[in-house]
file upload-v7.pdb (PDB, C-alpha atoms)
ATOM      1  CA  MET L1278     -10.263  -7.210 -58.776
ATOM      2  CA  ARG L1279     -10.743  -3.940 -56.926
ATOM      3  CA  ALA L1280     -14.133  -3.596 -55.311
ATOM      4  CA  PRO L1281     -16.406  -0.678 -56.230
ATOM      5  CA  ASP L1282     -16.753   2.128 -53.664
ATOM      6  CA  PHE L1283     -20.214   1.016 -52.534
ATOM      7  CA  VAL L1284     -18.877  -2.498 -51.786
ATOM      8  CA  ARG L1285     -15.983  -1.063 -49.758
ATOM      9  CA  ASP L1286     -18.431   1.152 -47.859
ATOM     10  CA  ARG L1287     -20.580  -1.907 -47.149
ATOM     11  CA  ALA L1288     -17.506  -3.775 -45.873
ATOM     12  CA  LYS L1289     -16.739  -0.944 -43.439
ATOM     13  CA  TYR L1290     -20.319  -1.048 -42.187
ATOM     14  CA  LEU L1291     -20.191  -4.837 -41.765
ATOM     15  CA  ARG L1292     -16.897  -4.634 -39.830
ATOM     16  CA  ARG L1293     -18.612  -2.366 -37.315
ATOM     17  CA  ASN L1294     -21.741  -4.541 -37.137
ATOM     18  CA  MET L1295     -20.516  -8.133 -37.055
ATOM     19  CA  THR L1296     -22.856 -10.854 -35.841
ATOM     20  CA  GLU L1297     -22.038 -12.687 -32.614
ATOM     21  CA  PRO L1298     -20.824 -15.852 -34.436
ATOM     22  CA  GLU L1299     -18.630 -13.666 -36.690
ATOM     23  CA  LYS L1300     -17.177 -11.922 -33.628
ATOM     24  CA  ARG L1301     -16.410 -15.240 -31.941
ATOM     25  CA  LEU L1302     -14.746 -16.672 -35.040
ATOM     26  CA  TRP L1303     -12.820 -13.435 -35.653
ATOM     27  CA  THR L1304     -11.435 -13.534 -32.109
ATOM     28  CA  ARG L1305     -10.030 -17.010 -32.729
ATOM     29  CA  LEU L1306      -8.768 -16.265 -36.241
ATOM     30  CA  ARG L1307      -7.150 -13.050 -35.059
ATOM     31  CA  GLU L1308      -5.309 -14.965 -32.338
ATOM     32  CA  GLY L1309      -3.857 -17.172 -35.074
ATOM     33  CA  ALA L1310      -5.725 -20.309 -34.030
ATOM     34  CA  ALA L1311      -5.934 -21.535 -37.628
ATOM     35  CA  GLY L1312      -2.272 -20.729 -38.337
ATOM     36  CA  MET L1313      -3.100 -18.162 -41.043
ATOM     37  CA  ARG L1314      -3.668 -14.419 -41.199
ATOM     38  CA  PHE L1315      -7.184 -13.351 -42.103
ATOM     39  CA  ARG L1316      -8.897 -10.117 -43.007
ATOM     40  CA  ARG L1317     -12.472  -9.572 -41.856
ATOM     41  CA  GLN L1318     -15.297  -8.278 -44.019
ATOM     42  CA  HIS L1319     -12.955  -8.071 -46.989
ATOM     43  CA  PRO L1320     -14.282  -6.519 -50.225
ATOM     44  CA  ASN L1321     -13.503  -8.589 -53.311
ATOM     45  CA  GLY L1322     -15.072  -7.609 -56.620
ATOM     46  CA  PRO L1323     -18.826  -7.271 -56.120
ATOM     47  CA  TYR L1324     -18.793  -9.184 -52.803
ATOM     48  CA  VAL L1325     -17.806  -8.736 -49.171
ATOM     49  CA  LEU L1326     -16.186 -11.879 -47.774
ATOM     50  CA  ASP L1327     -16.755 -12.545 -44.071
ATOM     51  CA  PHE L1328     -13.102 -13.597 -43.646
ATOM     52  CA  TYR L1329     -10.329 -13.856 -46.226
ATOM     53  CA  CYS L1330      -6.793 -15.244 -46.119
ATOM     54  CA  PRO L1331      -4.926 -13.792 -49.126
ATOM     55  CA  SER L1332      -1.917 -16.137 -48.872
ATOM     56  CA  ALA L1333      -4.164 -19.221 -49.062
ATOM     57  CA  LYS L1334      -6.784 -17.587 -51.332
ATOM     58  CA  LEU L1335      -9.341 -18.891 -48.844
ATOM     59  CA  ALA L1336     -12.649 -17.274 -47.908
ATOM     60  CA  ILE L1337     -14.636 -18.238 -44.829
ATOM     61  CA  GLU L1338     -18.365 -17.526 -44.885
ATOM     62  CA  VAL L1339     -20.641 -17.616 -41.846
ATOM     63  CA  ASP L1340     -24.146 -18.584 -42.874
ATOM     64  CA  GLY L1341     -26.872 -17.272 -40.631
ATOM     65  CA  ALA L1342     -30.634 -17.401 -40.969
ATOM     66  CA  GLY L1343     -30.669 -14.611 -43.564
ATOM     67  CA  HIS L1344     -28.376 -16.190 -46.147
ATOM     68  CA  ASP L1345     -29.719 -16.622 -49.660
ATOM     69  CA  ARG L1346     -28.719 -20.073 -50.988
ATOM     70  CA  ALA L1347     -28.938 -19.076 -54.668
ATOM     71  CA  GLY L1348     -26.885 -15.941 -53.976
ATOM     72  CA  ASP L1349     -24.348 -18.019 -52.049
ATOM     73  CA  GLU L1350     -23.963 -20.351 -55.034
ATOM     74  CA  ARG L1351     -23.412 -17.419 -57.419
ATOM     75  CA  ARG L1352     -20.857 -15.918 -55.040
ATOM     76  CA  THR L1353     -18.990 -19.214 -54.646
ATOM     77  CA  LYS L1354     -18.911 -19.735 -58.415
ATOM     78  CA  TRP L1355     -17.624 -16.199 -59.031
ATOM     79  CA  LEU L1356     -14.960 -16.548 -56.338
ATOM     80  CA  ALA L1357     -13.866 -19.919 -57.778
ATOM     81  CA  GLY L1358     -13.326 -18.116 -61.072
ATOM     82  CA  GLU L1359     -10.980 -15.775 -59.198
ATOM     83  CA  GLY L1360      -9.101 -18.763 -57.733
ATOM     84  CA  ILE L1361     -10.589 -18.352 -54.243
ATOM     85  CA  ARG L1362     -11.833 -21.378 -52.298
ATOM     86  CA  VAL L1363     -14.808 -20.902 -49.992
ATOM     87  CA  LEU L1364     -15.529 -22.699 -46.727
ATOM     88  CA  ARG L1365     -19.010 -22.233 -45.281
ATOM     89  CA  PHE L1366     -20.015 -22.706 -41.681
ATOM     90  CA  THR L1367     -23.358 -22.171 -40.036
ATOM     91  CA  ALA L1368     -23.639 -19.837 -37.090
ATOM     92  CA  ALA L1369     -24.632 -22.861 -35.004
ATOM     93  CA  GLU L1370     -21.415 -24.711 -35.943
ATOM     94  CA  ILE L1371     -19.311 -21.757 -34.808
ATOM     95  CA  GLU L1372     -21.238 -21.429 -31.553
ATOM     96  CA  GLU L1373     -21.375 -25.148 -30.698
ATOM     97  CA  ARG L1374     -18.127 -26.584 -32.147
ATOM     98  CA  PRO L1375     -15.542 -23.823 -32.604
ATOM     99  CA  ALA L1376     -12.578 -26.216 -32.337
ATOM    100  CA  VAL L1377     -13.953 -28.341 -35.196
ATOM    101  CA  VAL L1378     -14.466 -25.220 -37.327
ATOM    102  CA  LEU L1379     -10.891 -24.059 -36.711
ATOM    103  CA  ALA L1380      -9.527 -27.537 -37.509
ATOM    104  CA  LYS L1381     -11.384 -27.537 -40.854
ATOM    105  CA  ILE L1382     -10.028 -24.088 -41.662
ATOM    106  CA  ALA L1383      -6.467 -25.168 -40.819
ATOM    107  CA  GLN L1384      -6.874 -28.300 -43.002
ATOM    108  CA  ALA L1385      -7.920 -26.127 -45.941
ATOM    109  CA  ALA L1386      -4.610 -24.254 -45.866
ATOM    110  CA  PRO L1387      -2.167 -25.256 -48.561
ATOM    111  CA  PRO L1388       0.868 -27.175 -47.278
ATOM    112  CA  SER L1389       3.920 -25.107 -46.501
ATOM    113  CA  THR L1390       6.630 -25.077 -49.164
ATOM    114  CA  ALA L1391       9.335 -23.936 -46.738
TER     115      ALA L1391
END
call {"tool": "encode", "arguments": {"input": "upload-v7.pdb", "output": "structure tokens"}}
result
Amino acid sequence: MRAPDFVRDRAKYLRRNMTEPEKRLWTRLREGAAGMRFRRQHPNGPYVLDFYCPSAKLAIEVDGAGHDRAGDERRTKWLAGEGIRVLRFTAAEIEERPAVVLAKIAQAAPPSTA
């Protein structure tokens, strides 16, 4: 589903103003550490996903202090309806155990059919 203009504008803003944990995770994802290609601050329908791998239909969300649990549940439910799986990590997990986070992301990838 194509995102409305205001959601795409918000995604552009968020790409320019990523949090420190998002920047750290993006650096590792961009280097291919999880073995998949991701987009950052990707608009999808009414939401902006922190990181999204289209080939795996996998969204990665970084939960900081300002995350709304009820809103997160609505988002996850809506994305599931679109066939997108969501993995959530706290900012602390990314800061303290980045290798564990990347291993969990790599495990969530569907097996290769090649």
call {"tool": "closest_residue", "arguments": {"input": "upload-v7.pdb", "among": "L:Ala1310, L:Ala1357, L:Val1377, L:Glu1338", "to": "Leu1326 of chain L", "atoms": "only C-alpha atoms"}}
result
L:Glu1338
call {"tool": "atom_distance", "arguments": {"input": "upload-v7.pdb", "atom1": "atom CA of Gly1312 of chain L", "atom2": "atom CA of Glu1297 of chain L"}}
result
22.1 Å
call {"tool": "resolve_selection", "arguments": {"input": "upload-v7.pdb", "expression": "the PyMOL selection byres ((chain L and resi 1352) around 12)", "output": "VMD selection string"}}
result
chain L and resid 1321 to 1326 1336 1338 1344 to 1351 1353 to 1359 1361 to 1365
call {"tool": "residues_near_point", "arguments": {"input": "upload-v7.pdb", "point": "(-12.5, -14.0, -35.2)", "cutoff": "12 Å", "atoms": "all atoms listed in the file", "output": "NGL selection string"}}
result
:L and (1292 or 1295-1311 or 1313-1318 or 1327-1329 or 1337-1339 or 1371 or 1375 or 1378-1379)
call {"tool": "atom_distance", "arguments": {"input": "upload-v7.pdb", "atom1": "atom CA of Ala1376 of chain L", "atom2": "atom CA of Lys1289 of chain L"}}
result
27.9 Å
call {"tool": "resolve_selection", "arguments": {"input": "upload-v7.pdb", "expression": "the PyMOL selection byres ((chain L and resi 1368) around 6)", "output": "list in words"}}
result
Pro1298, Asp1340, Gly1341, Thr1367, Ala1369, Glu1370 and Ile1371 of chain L
call {"tool": "closest_residue", "arguments": {"input": "upload-v7.pdb", "among": "L:Ala1386, L:Ser1332, L:Pro1320, L:Phe1366", "to": "Asp1286 of chain L", "atoms": "only C-alpha atoms"}}
result
L:Pro1320
call {"tool": "atom_distance", "arguments": {"input": "upload-v7.pdb", "atom1": "atom CA of His1319 of chain L", "atom2": "atom CA of Ala1288 of chain L"}}
result
6.4 Å
call {"tool": "closest_residue", "arguments": {"input": "upload-v7.pdb", "among": "L:Ala1385, L:Asn1294, L:Arg1287, L:Glu1373", "to": "Lys1334 of chain L", "atoms": "only C-alpha atoms"}}
result
L:Ala1385
call {"tool": "closest_residue", "arguments": {"input": "upload-v7.pdb", "among": "L:Ala1342, L:Leu1335, L:Ala1280, L:Leu1291", "to": "Ala1383 of chain L", "atoms": "only C-alpha atoms"}}
result
L:Leu1335
